[in-house]
file coords-v5.tsv (TSV, C-alpha atoms)
chain	number	residue	atom	x	y	z
A	1	LEU	CA	17.34	86.80	133.19
A	2	TRP	CA	19.63	88.88	130.95
A	3	SER	CA	16.93	91.49	130.47
A	4	ARG	CA	16.77	91.91	134.24
A	5	CYS	CA	20.55	92.24	134.46
A	6	PHE	CA	20.68	94.97	131.82
A	7	LEU	CA	17.69	96.74	133.37
A	8	SER	CA	19.42	96.68	136.76
A	9	ILE	CA	22.53	98.29	135.27
A	10	TYR	CA	20.36	100.87	133.50
A	11	HIS	CA	18.56	101.61	136.76
A	12	ILE	CA	21.89	102.23	138.52
A	13	LEU	CA	22.99	104.59	135.73
A	14	CYS	CA	19.69	106.46	135.97
A	15	GLN	CA	20.15	106.83	139.71
A	16	ASN	CA	23.65	108.24	139.14
A	17	THR	CA	22.36	110.72	136.58
A	18	GLN	CA	19.53	111.84	138.84
A	19	SER	CA	21.79	112.26	141.85
A	20	GLU	CA	24.25	114.27	139.77
A	21	SER	CA	21.51	116.57	138.48
A	22	ILE	CA	20.37	117.19	142.07
A	23	LEU	CA	23.84	117.90	143.35
A	24	TYR	CA	24.75	120.50	140.76
A	25	ASN	CA	23.52	122.29	137.71
A	26	TYR	CA	25.14	120.88	134.56
A	27	SER	CA	25.49	124.33	133.00
A	28	THR	CA	27.74	125.51	135.81
A	29	ILE	CA	30.04	124.01	138.38
A	30	MET	CA	28.23	125.74	141.23
A	31	PRO	CA	27.37	123.43	144.16
A	32	PRO	CA	24.16	123.95	146.17
A	33	SER	CA	25.94	125.80	148.96
A	34	LEU	CA	27.32	128.41	146.56
A	35	ALA	CA	23.99	128.55	144.70
A	36	THR	CA	22.27	129.43	147.96
A	37	ASN	CA	24.78	132.17	148.64
A	38	LYS	CA	24.31	133.52	145.16
A	39	SER	CA	20.52	133.64	145.47
A	40	SER	CA	20.85	135.69	148.64
A	41	ASN	CA	23.01	138.25	146.80
A	42	GLU	CA	20.89	138.63	143.65
A	43	GLU	CA	20.95	142.42	144.00
A	44	SER	CA	24.68	142.63	143.24
A	45	SER	CA	25.86	144.56	140.18
A	46	ASP	CA	25.56	143.03	136.71
A	47	GLU	CA	29.28	143.37	136.12
A	48	ALA	CA	30.15	141.33	139.21
A	49	SER	CA	27.54	138.73	138.27
A	50	ASP	CA	28.93	138.38	134.76
A	51	GLN	CA	32.44	138.04	136.13
A	52	GLN	CA	31.30	135.33	138.54
A	53	CYS	CA	29.58	133.40	135.74
A	54	LEU	CA	32.72	133.53	133.63
A	55	THR	CA	34.72	132.22	136.57
A	56	ILE	CA	32.50	129.32	137.52
A	57	LYS	CA	31.10	128.41	134.13
A	58	GLY	CA	31.64	124.74	133.26
A	59	GLU	CA	30.35	122.02	130.99
A	60	LYS	CA	27.74	119.30	131.22
A	61	TYR	CA	29.39	116.24	132.69
A	62	SER	CA	28.03	112.80	133.54
A	63	VAL	CA	29.51	109.32	133.95
A	64	LEU	CA	29.03	108.62	130.25
A	65	SER	CA	30.43	111.91	129.00
A	66	ALA	CA	33.37	111.74	131.43
A	67	GLY	CA	34.29	108.33	130.02
A	68	LEU	CA	33.94	109.29	126.37
A	69	ARG	CA	35.68	112.68	126.56
A	70	CYS	CA	38.98	111.13	127.61
A	71	LYS	CA	39.31	109.32	124.26
A	72	ALA	CA	40.53	110.77	120.98
A	73	SER	CA	38.05	111.68	118.28
A	74	PRO	CA	36.73	108.66	116.33
A	75	PHE	CA	37.12	110.69	113.13
A	76	LEU	CA	40.93	110.75	113.37
A	77	ALA	CA	42.55	108.18	111.08
A	78	ASP	CA	45.77	108.17	113.13
A	79	SER	CA	43.88	106.93	116.18
A	80	TRP	CA	42.47	103.96	114.29
A	81	VAL	CA	45.89	103.18	112.85
A	82	SER	CA	47.38	103.19	116.35
A	83	LEU	CA	44.58	100.89	117.52
A	84	CYS	CA	45.12	98.41	114.70
A	85	LEU	CA	48.87	98.31	115.37
A	86	THR	CA	48.17	96.62	118.71
A	87	LEU	CA	47.53	92.87	118.70
A	88	ASP	CA	44.42	93.04	120.87
A	89	GLY	CA	43.02	95.97	118.89
A	90	ARG	CA	43.52	94.19	115.57
A	91	ASP	CA	41.91	91.04	117.00
A	92	LYS	CA	38.83	92.96	118.18
A	93	VAL	CA	38.49	94.77	114.84
A	94	THR	CA	38.49	91.33	113.22
A	95	LYS	CA	35.91	90.22	115.80
A	96	VAL	CA	33.64	93.10	114.79
A	97	LEU	CA	33.92	92.03	111.15
A	98	GLN	CA	33.33	88.40	112.17
A	99	TYR	CA	30.08	89.04	114.03
A	100	THR	CA	28.93	91.59	111.46
A	101	SER	CA	29.29	89.01	108.68
A	102	ARG	CA	27.49	86.45	110.85
A	103	LEU	CA	24.65	88.88	111.46
A	104	LEU	CA	24.40	89.71	107.74
A	105	ALA	CA	24.33	85.98	106.95
A	106	PHE	CA	21.44	85.60	109.39
A	107	LEU	CA	19.56	88.54	107.86
A	108	SER	CA	20.08	87.29	104.30
A	109	LEU	CA	17.57	85.06	102.58
A	110	ALA	CA	18.04	81.42	103.56
A	111	GLY	CA	19.92	79.48	100.88
A	112	SER	CA	20.78	82.57	98.86
A	113	HIS	CA	24.18	83.37	97.44
A	114	GLU	CA	24.47	86.34	99.80
A	115	GLN	CA	23.99	84.13	102.83
A	116	LYS	CA	26.67	81.69	101.65
A	117	ARG	CA	29.05	84.55	100.92
A	118	TRP	CA	28.66	86.14	104.37
A	119	HIS	CA	28.80	82.77	106.12
A	120	GLN	CA	32.06	81.87	104.39
A	121	LEU	CA	33.55	85.20	105.41
A	122	PHE	CA	32.41	84.61	109.00
A	123	SER	CA	34.01	81.15	109.08
A	124	LYS	CA	37.34	82.36	107.71
A	125	LEU	CA	37.49	85.35	110.06
A	126	SER	CA	36.71	83.08	113.01
A	127	GLY	CA	39.57	80.77	112.08
A	128	SER	CA	42.02	83.60	111.37
A	129	ARG	CA	41.57	85.03	114.88
A	130	LYS	CA	42.92	81.82	116.37
A	131	ALA	CA	46.37	82.57	114.96
A	132	PHE	CA	46.42	85.88	116.88
A	133	ARG	CA	45.89	84.03	120.16
A	134	LEU	CA	48.80	81.57	120.05
A	135	GLY	CA	50.72	81.61	123.35
A	136	ARG	CA	48.11	83.56	125.35
A	137	SER	CA	48.10	80.83	128.01
A	138	PHE	CA	51.56	81.89	129.15
A	139	ILE	CA	50.31	85.45	129.63
A	140	GLU	CA	47.52	84.21	131.90
A	141	LEU	CA	49.99	82.09	133.88
A	142	GLN	CA	52.11	85.18	134.48
A	143	LYS	CA	49.04	87.09	135.68
A	144	LEU	CA	48.19	84.33	138.15
A	145	ARG	CA	51.72	84.30	139.48
A	146	LYS	CA	51.61	88.03	140.18
A	147	MET	CA	48.19	87.88	141.87
A	148	SER	CA	49.30	85.55	144.72
A	149	ILE	CA	46.13	83.51	144.35
A	150	TRP	CA	46.72	81.28	147.39
A	151	ILE	CA	46.81	84.24	149.76
A	152	MET	CA	43.54	85.51	148.30
A	153	CYS	CA	41.93	82.10	148.77
A	154	LEU	CA	42.86	82.09	152.45
A	155	ARG	CA	41.43	85.59	152.92
A	156	SER	CA	38.21	84.76	151.12
A	157	LEU	CA	37.71	81.67	153.32
A	158	GLY	CA	38.08	83.80	156.44
A	159	ILE	CA	41.36	82.25	157.57
A	160	SER	CA	43.15	85.57	157.40
A	161	ASN	CA	42.36	88.15	160.11
A	162	SER	CA	41.38	90.93	157.72
A	163	SER	CA	38.68	93.57	157.98
A	164	SER	CA	35.42	93.40	156.07
A	165	VAL	CA	36.77	95.78	153.44
A	166	LYS	CA	39.86	93.66	152.86
A	167	SER	CA	37.69	90.52	152.76
A	168	SER	CA	35.47	92.09	150.12
A	169	PHE	CA	38.53	93.19	148.21
A	170	SER	CA	39.89	89.64	148.36
A	171	LEU	CA	36.63	88.21	147.05
A	172	THR	CA	36.84	90.53	144.07
A	173	LYS	CA	40.41	89.52	143.42
A	174	LEU	CA	39.47	85.87	143.80
A	175	GLY	CA	36.79	86.28	141.14
A	176	GLN	CA	39.36	87.88	138.86
A	177	ALA	CA	41.77	85.02	139.52
A	178	LEU	CA	39.09	82.44	138.66
A	179	LYS	CA	38.41	84.40	135.48
A	180	ILE	CA	42.08	84.12	134.54
A	181	VAL	CA	41.98	80.37	135.25
A	182	GLY	CA	39.03	80.06	132.87
A	183	LEU	CA	40.85	82.11	130.21
A	184	LEU	CA	43.92	79.93	130.72
A	185	GLY	CA	41.87	76.86	129.84
A	186	PHE	CA	40.25	78.64	126.92
A	187	TRP	CA	43.54	79.77	125.38
A	188	ALA	CA	45.01	76.28	125.84
A	189	GLY	CA	42.02	74.65	124.16
A	190	ASP	CA	41.84	77.30	121.46
A	191	ASN	CA	45.54	77.09	120.62
A	192	THR	CA	45.45	73.29	120.50
A	193	SER	CA	42.33	73.47	118.33
A	194	PHE	CA	44.18	75.72	115.89
A	195	LEU	CA	47.12	73.34	115.70
A	196	ASN	CA	44.74	70.42	115.24
A	197	SER	CA	42.83	72.11	112.41
A	198	ALA	CA	46.16	72.86	110.70
A	199	GLY	CA	47.01	69.14	110.75
A	200	PHE	CA	49.96	69.60	113.08
A	201	LEU	CA	48.66	66.94	115.52
A	202	ASP	CA	47.81	64.33	112.87
A	203	ASP	CA	49.29	60.84	112.89
A	204	TYR	CA	50.75	60.66	109.41
A	205	THR	CA	51.23	56.90	109.62
A	206	LEU	CA	47.47	56.62	109.04
A	207	GLY	CA	45.55	57.17	105.86
A	208	GLU	CA	44.10	60.53	104.92
A	209	ARG	CA	40.53	59.52	105.68
A	210	GLU	CA	41.39	58.16	109.14
A	211	ARG	CA	43.40	61.25	109.95
A	212	ALA	CA	40.46	63.46	108.93
A	213	GLU	CA	38.11	61.52	111.22
A	214	GLN	CA	40.48	61.80	114.16
A	215	ARG	CA	40.94	65.49	113.46
A	216	VAL	CA	37.19	66.11	113.54
A	217	ASN	CA	36.80	64.19	116.83
A	218	ARG	CA	39.66	66.07	118.47
A	219	GLN	CA	38.28	69.37	117.18
A	220	ARG	CA	34.90	68.70	118.75
A	221	HIS	CA	36.38	67.86	122.18
A	222	LEU	CA	38.80	70.79	122.12
A	223	THR	CA	36.08	73.26	121.11
A	224	THR	CA	33.83	72.01	123.91
A	225	PHE	CA	36.63	72.32	126.46
A	226	ALA	CA	37.55	75.82	125.26
A	227	ASN	CA	33.94	77.07	125.31
A	228	ARG	CA	33.28	75.68	128.79
A	229	SER	CA	36.50	77.18	130.12
A	230	TYR	CA	35.66	80.61	128.75
A	231	PHE	CA	32.12	80.38	130.11
A	232	PHE	CA	33.52	79.60	133.57
A	233	GLY	CA	35.89	82.55	133.28
A	234	ALA	CA	33.11	84.83	132.03
A	235	VAL	CA	30.85	83.97	134.98
A	236	SER	CA	33.71	84.54	137.43
A	237	GLY	CA	34.53	87.82	135.72
A	238	LEU	CA	30.88	88.86	135.88
A	239	PHE	CA	30.91	88.44	139.66
A	240	ALA	CA	34.22	90.29	140.08
A	241	ASN	CA	33.29	93.14	137.73
A	242	PHE	CA	29.85	93.60	139.29
A	243	LYS	CA	31.41	93.67	142.77
A	244	SER	CA	33.97	96.29	141.71
A	245	TYR	CA	31.34	98.40	139.98
A	246	TRP	CA	28.92	98.22	142.90
A	247	ASP	CA	31.56	99.09	145.51
A	248	HIS	CA	32.74	102.06	143.46
A	249	ASN	CA	29.16	103.21	142.93
A	250	THR	CA	28.23	103.06	146.63
A	251	HIS	CA	31.49	104.49	148.01
A	252	ASP	CA	33.79	106.47	145.73
A	253	LEU	CA	31.16	108.01	143.45
A	254	LYS	CA	28.78	108.91	146.28
A	255	ASP	CA	31.62	110.38	148.33
A	256	ALA	CA	32.77	112.51	145.39
A	257	GLN	CA	29.24	113.79	144.83
A	258	LYS	CA	28.83	114.54	148.52
A	259	ARG	CA	32.13	116.37	148.60
A	260	TYR	CA	31.06	118.54	145.70
A	261	GLY	CA	27.67	119.26	147.23
A	262	GLU	CA	29.27	120.40	150.49
A	263	ALA	CA	31.78	122.77	148.88
A	264	LYS	CA	31.70	126.18	150.56
A	265	THR	CA	33.95	128.26	148.34
A	266	GLU	CA	34.55	128.56	144.64
A	267	GLY	CA	38.03	127.09	144.99
A	268	GLU	CA	36.68	124.06	146.82
A	269	ALA	CA	34.01	123.67	144.14
A	270	LEU	CA	36.61	123.69	141.35
A	271	GLU	CA	38.76	121.11	143.14
A	272	ALA	CA	35.75	118.94	143.99
A	273	GLN	CA	34.52	119.06	140.43
A	274	MET	CA	37.87	117.90	139.02
A	275	HIS	CA	37.86	115.06	141.53
A	276	LEU	CA	34.29	114.18	140.60
A	277	ARG	CA	35.16	114.04	136.90
A	278	THR	CA	38.07	111.70	137.64
A	279	VAL	CA	35.82	109.43	139.70
A	280	GLN	CA	33.18	109.48	136.96
A	281	LYS	CA	35.79	108.44	134.40
A	282	THR	CA	36.86	105.54	136.61
A	283	HIS	CA	33.22	104.59	137.13
A	284	PHE	CA	32.68	104.39	133.38
A	285	GLU	CA	35.82	102.29	132.97
A	286	LEU	CA	34.46	99.85	135.57
A	287	LEU	CA	31.11	99.70	133.78
A	288	LEU	CA	32.62	98.52	130.49
A	289	PRO	CA	34.07	95.22	131.85
A	290	LEU	CA	30.71	94.54	133.50
A	291	ILE	CA	28.91	94.98	130.17
A	292	LYS	CA	31.52	92.82	128.44
A	293	SER	CA	31.11	90.06	131.03
A	294	CYS	CA	27.32	90.06	130.57
A	295	CYS	CA	27.74	89.77	126.80
A	296	ASP	CA	30.41	87.06	127.07
A	297	VAL	CA	28.27	84.95	129.39
A	298	MET	CA	25.36	85.32	126.98
A	299	VAL	CA	27.44	84.50	123.87
A	300	PHE	CA	29.46	81.59	125.22
A	301	GLY	CA	26.44	80.27	127.09
A	302	ASN	CA	24.93	79.78	123.62
A	303	ASN	CA	27.99	78.05	122.13
A	304	ALA	CA	28.42	74.34	121.61
A	305	GLY	CA	29.44	72.44	124.72
A	306	VAL	CA	27.68	74.85	127.08
A	307	ASP	CA	24.22	75.31	125.51
A	308	LEU	CA	22.87	77.13	128.55
A	309	PHE	CA	19.79	78.52	126.83
A	310	LYS	CA	19.01	75.24	125.10
A	311	ARG	CA	19.09	73.39	128.41
A	312	VAL	CA	17.01	75.97	130.26
A	313	TYR	CA	14.56	77.12	127.57
A	314	GLY	CA	14.76	74.20	125.15
A	315	ARG	CA	16.14	76.27	122.26
A	316	LYS	CA	19.21	78.22	121.25
A	317	LEU	CA	19.47	81.95	121.79
A	318	HIS	CA	18.21	84.13	118.95
A	319	GLU	CA	20.95	84.56	116.36
A	320	GLY	CA	20.49	88.31	116.19
A	321	VAL	CA	20.86	88.69	119.96
A	322	HIS	CA	23.94	86.41	119.87
A	323	CYS	CA	25.60	88.59	117.21
A	324	ALA	CA	24.68	91.80	119.05
A	325	GLY	CA	26.31	90.44	122.22
A	326	GLY	CA	29.51	89.66	120.33
A	327	LEU	CA	29.60	93.13	118.77
A	328	ILE	CA	29.03	94.90	122.10
A	329	SER	CA	31.72	92.78	123.76
A	330	ALA	CA	34.20	93.71	121.03
A	331	ALA	CA	33.23	97.39	121.24
A	332	THR	CA	34.07	97.57	124.95
A	333	VAL	CA	37.59	96.26	124.30
A	334	LEU	CA	38.02	98.61	121.35
A	335	TYR	CA	37.19	101.52	123.63
A	336	SER	CA	39.75	100.38	126.20
A	337	ASN	CA	42.47	100.11	123.55
A	338	TYR	CA	41.50	103.25	121.66
A	339	PRO	CA	44.07	106.06	122.10
A	340	ASN	CA	43.37	108.73	124.72
A	341	ALA	CA	42.84	112.34	123.78
A	342	GLN	CA	45.97	114.45	123.88
A	343	LYS	CA	46.05	116.91	126.75
A	344	LYS	CA	46.12	120.52	125.66
call {"tool": "encode", "arguments": {"input": "coords-v5.tsv", "output": "structure tokens"}}
result
Amino acid sequence: LWSRCFLSIYHILCQNTQSESILYNYSTIMPPSLATNKSSNEESSDEASDQQCLTIKGEKYSVLSAGLRCKASPFLADSWVSLCLTLDGRDKVTKVLQYTSRLLAFLSLAGSHEQKRWHQLFSKLSGSRKAFRLGRSFIELQKLRKMSIWIMCLRSLGISNSSSVKSSFSLTKLGQALKIVGLLGFWAGDNTSFLNSAGFLDDYTLGERERAEQRVNRQRHLTTFANRSYFFGAVSGLFANFKSYWDHNTHDLKDAQKRYGEAKTEGEALEAQMHLRTVQKTHFELLLPLIKSCCDVMVFGNNAGVDLFKRVYGRKLHEGVHCAGGLISAATVLYSNYPNAQKK
């Protein structure tokens, strides 16, 4: 199932790349209409031809390159420092270390000292991230309040007299709202789980052994609730992100490519190309949440309390694939939080 999802996304990207290569030559910004005019005037002087090439010469641009070029160089230490100064950036850097240590523990020899060492690091990093997430439920509540979720529900049910475009837009927003609801439950369960593991919720009138047993039972229920809530939010986010990506692919990106292909003058070509690059950058930014949602559904579908793969296929997801999904999910957020390149 997940292989088909990733292959579908890859197929869409290949279609975009092919359509872009048909619409214009990557080495120049000359649209087909201007290219036709140029071929009819091939007998012009070399000096005029050179001047025209200098005027219209551009760079190779695609959806991927347009998204990556807007970010600062990964070799600049200041950019990484700025990223780590943000709470979300520091959390995702820790997540990369967490899943890297888990992957190394899986690749190490079973029962070896190296496996124990990496597994201990993974466990401690997993617990330390919970402290970063205290109070995130209030942030999700604020997001829900600003989204006017009840109005979106009425539109999605067809009660509101809105056009098909507005209805589609409402369905996307509804999926995003359901994602926030799932995250709200996850943060609540995760924060309570952290307080429980710290002993804050213990009944200190009981003995130490009884308190430890109660703490383990509460931890199991809270972890199950948190994982199921995040899985619900991830599935809702997958629908919303796929809908946004698909709509942008079939409307905005195609329109920008068509506008460039129909440019009649050099000035129109320059303007259309700048617009196309902006649309390509937005398209790449919409692709990243879709990839993250696919990875999150895969990862949390394998966690305790959900066990999607175990229920469907009778076994857990491969540990290497699980770790790769966590690393890719963290990488998408790191890109979003990474500083932009300074405009010259």
call {"tool": "closest_residue", "arguments": {"input": "coords-v5.tsv", "among": "A:Ala269, A:Arg228, A:Pro289, A:Asp255", "to": "Leu308 in chain A", "atoms": "all atoms listed in the file"}}
result
A:Arg228
call {"tool": "residues_near_point", "arguments": {"input": "coords-v5.tsv", "point": "(40.5, 80.1, 111.6)", "cutoff": "10 Å", "atoms": "all atoms listed in the file", "output": "VMD selection string"}}
result
chain A and resid 122 to 132 193 to 194 197 to 198
call {"tool": "atom_distance", "arguments": {"input": "coords-v5.tsv", "atom1": "CA of Ser236 in chain A", "atom2": "CA of Gly175 in chain A"}}
result
5.1 Å
call {"tool": "atom_distance", "arguments": {"input": "coords-v5.tsv", "atom1": "CA of Lys316 in chain A", "atom2": "CA of Ile328 in chain A"}}
result
19.4 Å
call {"tool": "residues_around", "arguments": {"input": "coords-v5.tsv", "residues": "Leu83 in chain A", "least_positions_apart": "5", "cutoff": "7 Å", "atoms": "only C-alpha atoms", "output": "MDAnalysis selection string"}}
result
chainID A and resid 89 337:339
call {"tool": "write_last_selection", "arguments": {"input": "coords-v5.tsv", "atoms": "C-alpha atoms", "output": "PDB file, in the frame of the given file"}}
result
ATOM      1  CA  GLY A  89      43.020  95.970 118.890  1.00  0.00           C
ATOM      2  CA  ASN A 337      42.470 100.110 123.550  1.00  0.00           C
ATOM      3  CA  TYR A 338      41.500 103.250 121.660  1.00  0.00           C
ATOM      4  CA  PRO A 339      44.070 106.060 122.100  1.00  0.00           C
TER       5      PRO A 339
END
